[in-house]
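Asker: So that we are looking at the same thing, I have put the structure below in structure tokens.
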Amino acid sequence: MVSNLTGRKAIVAKLGMDAHWRGAIVVANALKEAGMEVVYIGHGTPGEIAATAVQEDAVLVGLSTLSGNHLAECPAVLERLKEAGAEGVIVALGGTVPPADAEVLLKEGVDAVFGPGTPLAEIVSVLDRLIGEQ
Amino acid sequence: MIADSLVAGVRAGLPAAAARLISLVEHGSPVAADALSTLFPLTGRARIVGVTGPPGAGKSTLVDALVRCYRQRRERVGVIAVDPSSPFTGGALLGDRIRMRAHAEDPGVFIRSMATRGELGGLSAAAASAVRVLDAFGLDVVIVETVGVGQSELAVADLADCVVLVCAPGTGDGVQAVKAGVMEIGDVFVVNKSDHPDAGRTRLDIARALELRGGTPGPVLLVRADQGEGVEVVVGAVQEHIERARQSGALAHDRETRLERESLSLIARLARREVVDRLGDTTVEALRRDLAERRLDPARVAAVAVTTAFAQGGAQG
């Protein structure tokens, strides 16, 4: 069952002050089940997330948002990753993101946005493909 | 070429270079082997502190507090935090960093999470090399946090200049403390969660067990890591242990022994691969049948394999 995910490092974080942890943990666990080594950091500021991605040499940053802060926080994460020289990292966002906002974020450089109800298997297969193309 | 630029990056103190090199080490890349051997002469400067103890004792919380303490002393700190890999999927959920959030953006701190990847000694196979990368990177102290250990995960003792064993109150009576194994590798003992009513009792149990062992017992310290209480004393005790070992010559001697032991275990691994390669498929298959049909026992198979492989090697080379 070797995939592009096996043995690769992911960071999973909740954006900013968001305290909703279940979604992030469920996705982190699904990535673990798919063979990834998932660094779960709880909530983090864009700077913390970027520094962590660099130190862990992550291929994927998975962000969870359920508090409507994504239009402010998500581009900030992209910015800080770029500053830290880690712009090649795949950035995926999951949570309550309205389709119009998703479009904006995808244009700004987020690689994937997963709305409510996305099956875990779909999340895993999309990320597998994105990391494979990297 | 890649090895050269990684070495240059690590020497220049670029976190991304150190991070990438550790990944390559984990994946067993030949580039990593080249870079590590170039960096090796630069290592041996950092003090290596192991932190081990059972799950839930507060290892990560203590590491977080230790990092804060070292930073106040203007020392640059690395952390290698190991968590277990799933034996079923190979994946891992690495959660030690949650307790160390405060240091994420401090340029004087480099934290790396590692999964055990099937190693059973409480660390990962790449941990020793990762510590050397951080040593060459120029950090003053490298803290190695093991997985939550039971009684016999002792690999950290092969890596650290000082092992801090963290226990929580109320986890067994005096007999537990006397047992061989993980208790024996501690240099400094921490009873964490000192606000717990059983903390004093646990401290006494450990101290008495250490007295039975003879020699100079390591200090047993009450700490409340989440509040930082008693952590200064731990840093002082670690420093004292390493300084004493440095002056007596034990530090240099132990480091030498550890490198020797690491080389020996690598020799074993390389030799095993070499033996199997030299025998070739036909001989390996014949020996496998001898085993299956119980003509030769495993010890005899090993002896035959080694003798045959080296005889062939001699003839060829």
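Labeling convention for the structure tokens: chains A, B, ... as they appear, residues from 1 per chain, ligands from 1 in order of appearance.
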Stretch 114-130 of chain A: which residues within 9 Å, counting only C-alpha atoms, same-chain residues fewer than 3 positions away excluded, as a list in words?

Answerer: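 Once the nearby chain positions are removed, what remains is Ser3, Asn4, Leu5, Val26, Val27, Ala30, Leu31, Ala34, Leu60, Ile90, Ala92, Leu93, Gly94, Gly95, Thr96, Val97, Pro98, Pro99, Ala102, Asp111, Glu133 and Gln134 of chain A.
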
Asker: Near stretch 70-78 of chain A, within 12 Å and counting only C-alpha atoms, which residues show up once chain neighbours fewer than 5 positions away are dropped, as a PyMOL selection string?

Answerer: chain A and resi 13-18+43-53+61-65+83-98+100-113

Asker: Show me which bits of chain A are within 7 Å of chain B, counting only C-alpha atoms, as a ChimeraX atom specification.

Answerer: /A:7,32-42,47-48,51-52,54-57

Asker: Near B:Gly170, counting only C-alpha atoms, which residues have an atom at most 12 Å away, once you skip same-chain residues fewer than 3 positions from it, shown as a PyMOL selection string?

Answerer: chain B and resi 57+167+173-174+176-177+191-194+196-206

Asker: Export, as a JSON list (two decimals), in the first residue's frame, the selected residues with N, CA, C and O atoms.

Answerer:
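After the write, result25.json holds the following:
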[["chain", "number", "residue", "atom", "x", "y", "z"],
["B", 57, "ALA", "N", 3.69, 11.03, 31.75],
["B", 57, "ALA", "CA", 4.43, 11.54, 32.91],
["B", 57, "ALA", "C", 4.68, 13.04, 32.78],
["B", 57, "ALA", "O", 4.90, 13.73, 33.78],
["B", 167, "CYS", "N", 9.00, 10.78, 36.07],
["B", 167, "CYS", "CA", 7.93, 9.90, 36.56],
["B", 167, "CYS", "C", 6.77, 10.78, 37.04],
["B", 167, "CYS", "O", 6.96, 11.94, 37.35],
["B", 173, "ASP", "N", 4.65, 1.11, 43.53],
["B", 173, "ASP", "CA", 5.29, 1.21, 44.83],
["B", 173, "ASP", "C", 6.80, 1.14, 44.70],
["B", 173, "ASP", "O", 7.35, 1.23, 43.61],
["B", 174, "GLY", "N", 7.46, 0.97, 45.84],
["B", 174, "GLY", "CA", 8.92, 0.95, 45.86],
["B", 174, "GLY", "C", 9.53, -0.15, 45.00],
["B", 174, "GLY", "O", 10.62, 0.01, 44.46],
["B", 176, "GLN", "N", 8.57, -1.26, 42.11],
["B", 176, "GLN", "CA", 8.69, -0.80, 40.73],
["B", 176, "GLN", "C", 9.98, -0.01, 40.55],
["B", 176, "GLN", "O", 10.67, -0.12, 39.55],
["B", 177, "ALA", "N", 10.29, 0.80, 41.55],
["B", 177, "ALA", "CA", 11.44, 1.68, 41.44],
["B", 177, "ALA", "C", 12.76, 0.93, 41.52],
["B", 177, "ALA", "O", 13.78, 1.40, 41.04],
["B", 191, "VAL", "N", 10.26, 13.84, 39.58],
["B", 191, "VAL", "CA", 8.87, 13.48, 39.86],
["B", 191, "VAL", "C", 8.04, 14.69, 39.48],
["B", 191, "VAL", "O", 8.06, 15.73, 40.15],
["B", 192, "ASN", "N", 7.36, 14.57, 38.36],
["B", 192, "ASN", "CA", 6.57, 15.68, 37.83],
["B", 192, "ASN", "C", 5.20, 15.71, 38.52],
["B", 192, "ASN", "O", 4.85, 14.78, 39.23],
["B", 193, "LYS", "N", 4.44, 16.76, 38.30],
["B", 193, "LYS", "CA", 3.11, 16.93, 38.89],
["B", 193, "LYS", "C", 3.23, 16.99, 40.41],
["B", 193, "LYS", "O", 2.55, 16.25, 41.14],
["B", 194, "SER", "N", 4.13, 17.84, 40.88],
["B", 194, "SER", "CA", 4.44, 17.90, 42.30],
["B", 194, "SER", "C", 3.26, 18.36, 43.15],
["B", 194, "SER", "O", 3.29, 18.27, 44.37],
["B", 196, "HIS", "N", 0.47, 16.90, 43.05],
["B", 196, "HIS", "CA", -0.29, 15.68, 43.34],
["B", 196, "HIS", "C", 0.03, 15.21, 44.77],
["B", 196, "HIS", "O", 1.18, 15.25, 45.18],
["B", 197, "PRO", "N", -1.01, 14.78, 45.53],
["B", 197, "PRO", "CA", -0.76, 14.40, 46.93],
["B", 197, "PRO", "C", 0.28, 13.28, 47.11],
["B", 197, "PRO", "O", 0.92, 13.21, 48.16],
["B", 198, "ASP", "N", 0.46, 12.41, 46.11],
["B", 198, "ASP", "CA", 1.40, 11.31, 46.26],
["B", 198, "ASP", "C", 2.82, 11.67, 45.83],
["B", 198, "ASP", "O", 3.71, 10.80, 45.84],
["B", 199, "ALA", "N", 3.05, 12.92, 45.42],
["B", 199, "ALA", "CA", 4.34, 13.27, 44.82],
["B", 199, "ALA", "C", 5.51, 13.02, 45.78],
["B", 199, "ALA", "O", 6.52, 12.43, 45.41],
["B", 200, "GLY", "N", 5.33, 13.45, 47.05],
["B", 200, "GLY", "CA", 6.41, 13.29, 48.03],
["B", 200, "GLY", "C", 6.75, 11.83, 48.27],
["B", 200, "GLY", "O", 7.92, 11.45, 48.36],
["B", 201, "ARG", "N", 5.71, 11.03, 48.32],
["B", 201, "ARG", "CA", 5.85, 9.59, 48.55],
["B", 201, "ARG", "C", 6.64, 8.94, 47.40],
["B", 201, "ARG", "O", 7.56, 8.15, 47.62],
["B", 202, "THR", "N", 6.25, 9.31, 46.17],
["B", 202, "THR", "CA", 6.93, 8.75, 44.99],
["B", 202, "THR", "C", 8.40, 9.15, 44.98],
["B", 202, "THR", "O", 9.28, 8.35, 44.68],
["B", 203, "ARG", "N", 8.65, 10.40, 45.38],
["B", 203, "ARG", "CA", 10.03, 10.88, 45.42],
["B", 203, "ARG", "C", 10.85, 10.03, 46.41],
["B", 203, "ARG", "O", 11.97, 9.61, 46.11],
["B", 204, "LEU", "N", 10.26, 9.75, 47.55],
["B", 204, "LEU", "CA", 10.94, 8.93, 48.57],
["B", 204, "LEU", "C", 11.21, 7.52, 48.07],
["B", 204, "LEU", "O", 12.29, 6.96, 48.26],
["B", 205, "ASP", "N", 10.18, 6.93, 47.43],
["B", 205, "ASP", "CA", 10.32, 5.57, 46.89],
["B", 205, "ASP", "C", 11.52, 5.50, 45.95],
["B", 205, "ASP", "O", 12.33, 4.57, 46.02],
["B", 206, "ILE", "N", 11.60, 6.49, 45.07],
["B", 206, "ILE", "CA", 12.69, 6.48, 44.08],
["B", 206, "ILE", "C", 14.03, 6.70, 44.77],
["B", 206, "ILE", "O", 15.01, 5.99, 44.52]]

Asker: Near stretch 281-292 of chain B, within 10 Å and counting only C-alpha atoms, which residues show up once chain neighbours fewer than 4 positions away are dropped, as a ChimeraX atom specification?

Answerer: /B:276-277,296-298,300-302,304-305,308-309

Asker: Need the shell around stretch 147-156 of chain B: protein/DNA/RNA residues with any atom at most 8 Å away, counting only C-alpha atoms. Skip same-chain ones fewer than 3 positions apart. Format as number ranges by chain?

Answerer: B: 50, 52-56, 81-84, 120-123, 144, 159-160, 163, 180-183, 185

Asker: Near stretch 257-272 of chain B, within 9 Å and counting only C-alpha atoms, which residues show up once chain neighbours fewer than 2 positions away are dropped, as a ChimeraX atom specification?

Answerer: /B:128,157-159,252-255,274-277,306

Asker: Enumerate, as a list in words, the complete set of residues in stretch 75-230 of chain B that a backbone-based DSSP assignment places in alpha helix (DSSP H).

Answerer: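 Secondary structure check on stretch 75-230 of chain B, alpha helix (DSSP H): Ala127, Ala128, Ser129, Ala130, Val131, Arg132, Val133, Leu134, Asp135, Ala136, Gly174, Val175, Gln176, Ala177, Val178, Ala199, Gly200, Arg201, Thr202, Arg203, Leu204, Asp205, Ile206, Ala207, Arg208, Ala209, Leu210, Glu211 and Leu212 of chain B.
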
Asker: Give me the residues within 9 Å of stretch 4-8 of chain B as a list in words, counting only C-alpha atoms and dropping any in the same chain fewer than 2 places off.

Answerer: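 Close residues of stretch 4-8 of chain B: Met1, Ile2, Val10, Arg11, Ala12, Gly13, Leu14, Ala17, Ala18, Arg20, Leu21, Ala32, Asp34, Ala35, Leu36, Thr38 and Leu39 of chain B.
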
Asker: Using DSSP on the backbone coordinates, identify all residues within stretch 139-264 of chain B classified as strand (DSSP E); present the result as an MDAnalysis selection string.

Answerer: chainID B and resid 141:145 162:167 188:191 220:222

Asker: Which value, in Å to one decimal, gives the distance between atom CA of B:Gly215 and atom CA of B:Asp161?

Answerer: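 Computed distance, atom CA of B:Gly215 to atom CA of B:Asp161, equals 18.3 Å.
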
Asker: Report, in Å with one decimal, the straight-line distance from atom CA of B:Gly218 to atom CA of B:Val49.

Answerer: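 For atom CA of B:Gly218 relative to atom CA of B:Val49, the distance reads 14.8 Å.
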